[in-house]
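The structure under discussion appears below in the form of structure tokens.
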Amino acid sequence: MTKDMMPKFDLFQPADIETALKLLDKYGVKAWKMAGGQDSLDWFKDRAKRPEAVIDLSGIEALKGVRETEAGLEIGAMTTLAEIAANPIIKEKFGLLATAASRVASPQIRTVGTIGGNLSQDARCWYYRAGMDCYRAGGNTCYAGTPQGMNREHCLFGASRCVAVTPSDTAPVMVALEAEFVIRSSKGERILPADKYFIGPAVNITHMTVLEPGDILTTIRIPSKWAGAKFYFEKVADRNTWDFALVNVASAMKVKADGVIEDIRIVCGAVECVPRRLNAVEDIVKGSAKNDDTATLAASSAARGAAPLNFNHFKIPLMENLVKRAIRDS
Amino acid sequence: MTTTDDMAIGRDPVTRRRFIKSIIASGAATSAAAYYLAGCSDGSAPAAGSVERLITLKVNGQDRRVDILPNETLAMTLRYKLGLTGTKLGCDRGECGACTVLINDVGHNSCSTLTHGVRGRAVTTVEGLEGPNGELHVVQQAMIDELGPQCGFCTPGQVMSAVGLLKANPKPTRAEARQAMAGNLCRCGAYDHYLNAVMRAAKSA
Ligand SMILES: Cc1cc2nc3c(=O)[nH]c(=O)nc-3n(C[C@H](O)[C@H](O)[C@H](O)COP(=O)(O)OP(=O)(O)OC[C@H]3O[C@@H](n4cnc5c(N)ncnc54)[C@H](O)[C@@H]3O)c2cc1C
Ligand code: SF4
Ligand code: FES
Ligand code: FES
């Protein structure tokens, strides 16, 4: 571990989106967008990423804050995780998101880490983080997927040369709540559903999201559809603080007065490169009574199709148990 | 001011802290600073529109003019440019909280903060907690009373997190305090002692 300076870069602190977009176009792949810097600075310190220009987005007020709209809620990408965890509207209507944000990392990291950065952070596979030239880094091998590889934290689903997982605690929540992501570039604005924002290695092995170099994630829109629903979030990690999820689960459920599950979305993180929506579980429980039997039945199909690696078989029962609790205890 | 370093070696008139400070003042530490800060700037001019290097920082209530590189963390600035070595570097990766300082009264990991990002905001380090006559802060006194520090390395970070907590929530429950202190690792495992100290400070404040 080095405790010296990061390699040199030029630092820009634009005050508005337009200036930031111009800088991104000017520097192209040599530019790095920095939000709270909690993912970024580690990359620079380890010399695994060496941008020429760092564009610090933290001075852009238009990217901050939580607003209620007719359609639901708009959250600026630069809103911090601490603000989201404490926001009264989010707590009241989308408690799921507040809970997930409060379970990220440590208090110090939540104070500066942003929701946009949390959703756009890179893989936490330690081979890749250590600067090794694996597929994700543009090389031609995967160290984690080998029989001897340290892959306790890696994926159960969707492996395609790379076996890294989504590390984010808030990403599964966004998929569960059917959020939309607003992305700006100098060419204009585009809006994507959350499940199209995250991409797996079969689509692009060097990127976790659809973001291109000139793109800024500006806003996350959460539709009112699931406001006030029955929510469940649980994260299991080796340590309670600052540790990434081994598996996390986020669910939103609507239950009729007679106790029958009317509608549900349930999503797991840290089991695939993208948040994994559990369609089979949803199909099983919809129309059934919210009780122990339904939960047990649903859990048995939660990890169907899993292809565990040498050291992560434990994730299968973990995932099943989390799904069971999500349905039974929400 | 009495600090944890004083505690570590008793009430010796020449404390380790003062010794280190005198070395910094005499310039003997300049070479160390030059080592840390070398290789981060090749002397080439920054690109147009990049940050101004000479900036004013507000640290412990004083305005300090400092030459700050674009790629410099606040921990580096505090320790190697301002001589405020009370702020410790444990991991330099946002994992341990040893480098915790207050920015506008809220705890931040200074190893994971670019110094250019704190212009115009008030930075408080453990050196800034002493009263007008050098009295210890209530949190510091409580930590001594509860035998908080063991080796003491994590202590300045623990102190700053506790001070930050009590500013935001003067009467925390024990569970709230535990949560607020969760970003500060202690290899000596003195967590419950620190927690007792936070609760004692909350009571006496
Ligand atoms: C010790 C430690 C423990 C952690 N534990 C957890 C954990 O338990 N759970 C968890 O979910 N995360 C965890 N993290 C990750 C941390 O939460 C994220 O790194 C943080 O939320 C990222 O936010 P940021 O604003 O600091 O992002 P940055 O580091 O600034 O950015 C991260 C990435 O997103 C891109 N980006 C950021 N904002 C935008 C935007 N608006 N538009 C386009 N691109 C953007 C950046 O270019 C960069 O590639 C941990 C990190 C550390 C250091
Ligand atoms: S899992 Fe992905 S990131 Fe990790 S070594 Fe393999 S290719 Fe690289
Ligand atoms: S030194 Fe900053 S968190 Fe460890
Ligand atoms: S007292 Fe030794 S690390 Fe905490």
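Please note that chains go A, B, ... in the order of the structure tokens, that every chain numbers its residues from 1, and that ligands are numbered from 1 in the order shown.
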
List every residue of chain A that has an atom at most 7 Å from any atom of ligand 2, and for each one report the closest atom pair and its distance in Å to one decimal, counting only C-alpha atoms and all ligand atoms, with rows sorted by chain and then by increasing residue number, as a tab-separated table.
residue	atom	partner	partner_atom_place_in_ligand_line	distance
A:Ala123	CA	ligand 2	3 (S)	6.5
A:Cys125	CA	ligand 2	4 (Fe)	4.6
A:Trp126	CA	ligand 2	4 (Fe)	6.7
A:Tyr127	CA	ligand 2	5 (S)	4.9
A:Tyr128	CA	ligand 2	3 (S)	4.6
A:Cys134	CA	ligand 2	8 (Fe)	4.3
A:Tyr135	CA	ligand 2	7 (S)	4.3
A:Arg136	CA	ligand 2	7 (S)	4.7
A:Ala137	CA	ligand 2	8 (Fe)	6.6
A:Thr141	CA	ligand 2	7 (S)	6.5
A:Cys142	CA	ligand 2	6 (Fe)	3.6
A:Tyr143	CA	ligand 2	5 (S)	4.3
A:Ala144	CA	ligand 2	5 (S)	4.7
A:Gly145	CA	ligand 2	6 (Fe)	5.9
A:His154	CA	ligand 2	1 (S)	7.0
A:Arg161	CA	ligand 2	7 (S)	6.3
A:Cys162	CA	ligand 2	2 (Fe)	3.7
A:Val163	CA	ligand 2	1 (S)	4.0
A:Ala164	CA	ligand 2	1 (S)	4.1

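Any residue of chain A with an atom within 6 Å of chain B counts; using only C-alpha atoms, that gives A:Asp4, A:Pro7, A:Lys8, A:Asp10, A:Leu11, A:Phe12, A:Ser106, A:Pro107, A:Gln108.
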
Contacts of Val285 (chain A) at 8 Å or less, counting only C-alpha atoms, minus same-chain residues fewer than 3 places along, as a short mmCIF file (atom, residue, chain, number, x, y, z; two decimals) with N, CA and C atoms, in the first residue's frame?
data_model
loop_
_atom_site.label_atom_id
_atom_site.label_comp_id
_atom_site.auth_asym_id
_atom_site.auth_seq_id
_atom_site.Cartn_x
_atom_site.Cartn_y
_atom_site.Cartn_z
N ILE A 261 -50.58 -11.24 -2.26
CA ILE A 261 -49.57 -10.38 -2.90
C ILE A 261 -50.06 -10.01 -4.30
N VAL A 281 -39.22 -15.69 -9.02
CA VAL A 281 -39.77 -15.47 -7.68
C VAL A 281 -41.02 -14.60 -7.78
N GLU A 282 -40.93 -13.56 -8.56
CA GLU A 282 -42.08 -12.65 -8.71
C GLU A 282 -43.30 -13.42 -9.22
N SER A 288 -50.43 -15.08 -4.59
CA SER A 288 -50.43 -15.99 -3.44
C SER A 288 -50.49 -15.20 -2.14
N ALA A 289 -50.85 -15.90 -1.09
CA ALA A 289 -50.91 -15.25 0.22
C ALA A 289 -49.49 -14.96 0.70
N LYS A 290 -49.33 -13.81 1.36
CA LYS A 290 -48.02 -13.45 1.90
C LYS A 290 -47.83 -14.20 3.21
N THR A 294 -45.50 -19.44 1.08
CA THR A 294 -45.19 -18.76 -0.17
C THR A 294 -43.72 -18.36 -0.19
N ALA A 295 -43.27 -17.83 0.94
CA ALA A 295 -41.87 -17.39 1.02
C ALA A 295 -40.91 -18.56 0.81
N ALA A 298 -40.99 -19.63 -2.86
CA ALA A 298 -40.30 -18.65 -3.70
C ALA A 298 -38.79 -18.76 -3.53
#

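Atom pair CA of Val104 (chain A) / CA of Gly148 (chain B): separated by 26.7 Å.
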
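Look at Lys81 (chain B): the protein and nucleic acid residues within 9 Å of it, using only C-alpha atoms and passing over chain neighbours fewer than 4 places away, are Ala33, Val66, Asp67, Met76 and Thr77 of chain B.
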
Next on the checklist: How would you report the residues lying within 7 Å of ligand 1, as a PyMOL selection string, if you count only C-alpha atoms and all ligand atoms?
Outcome noted: (chain A and resi 32-41+77-78+103-106+109-110+112-118+120-122+167-170+211+215-218+242-245) or (chain B and resi 93-95)
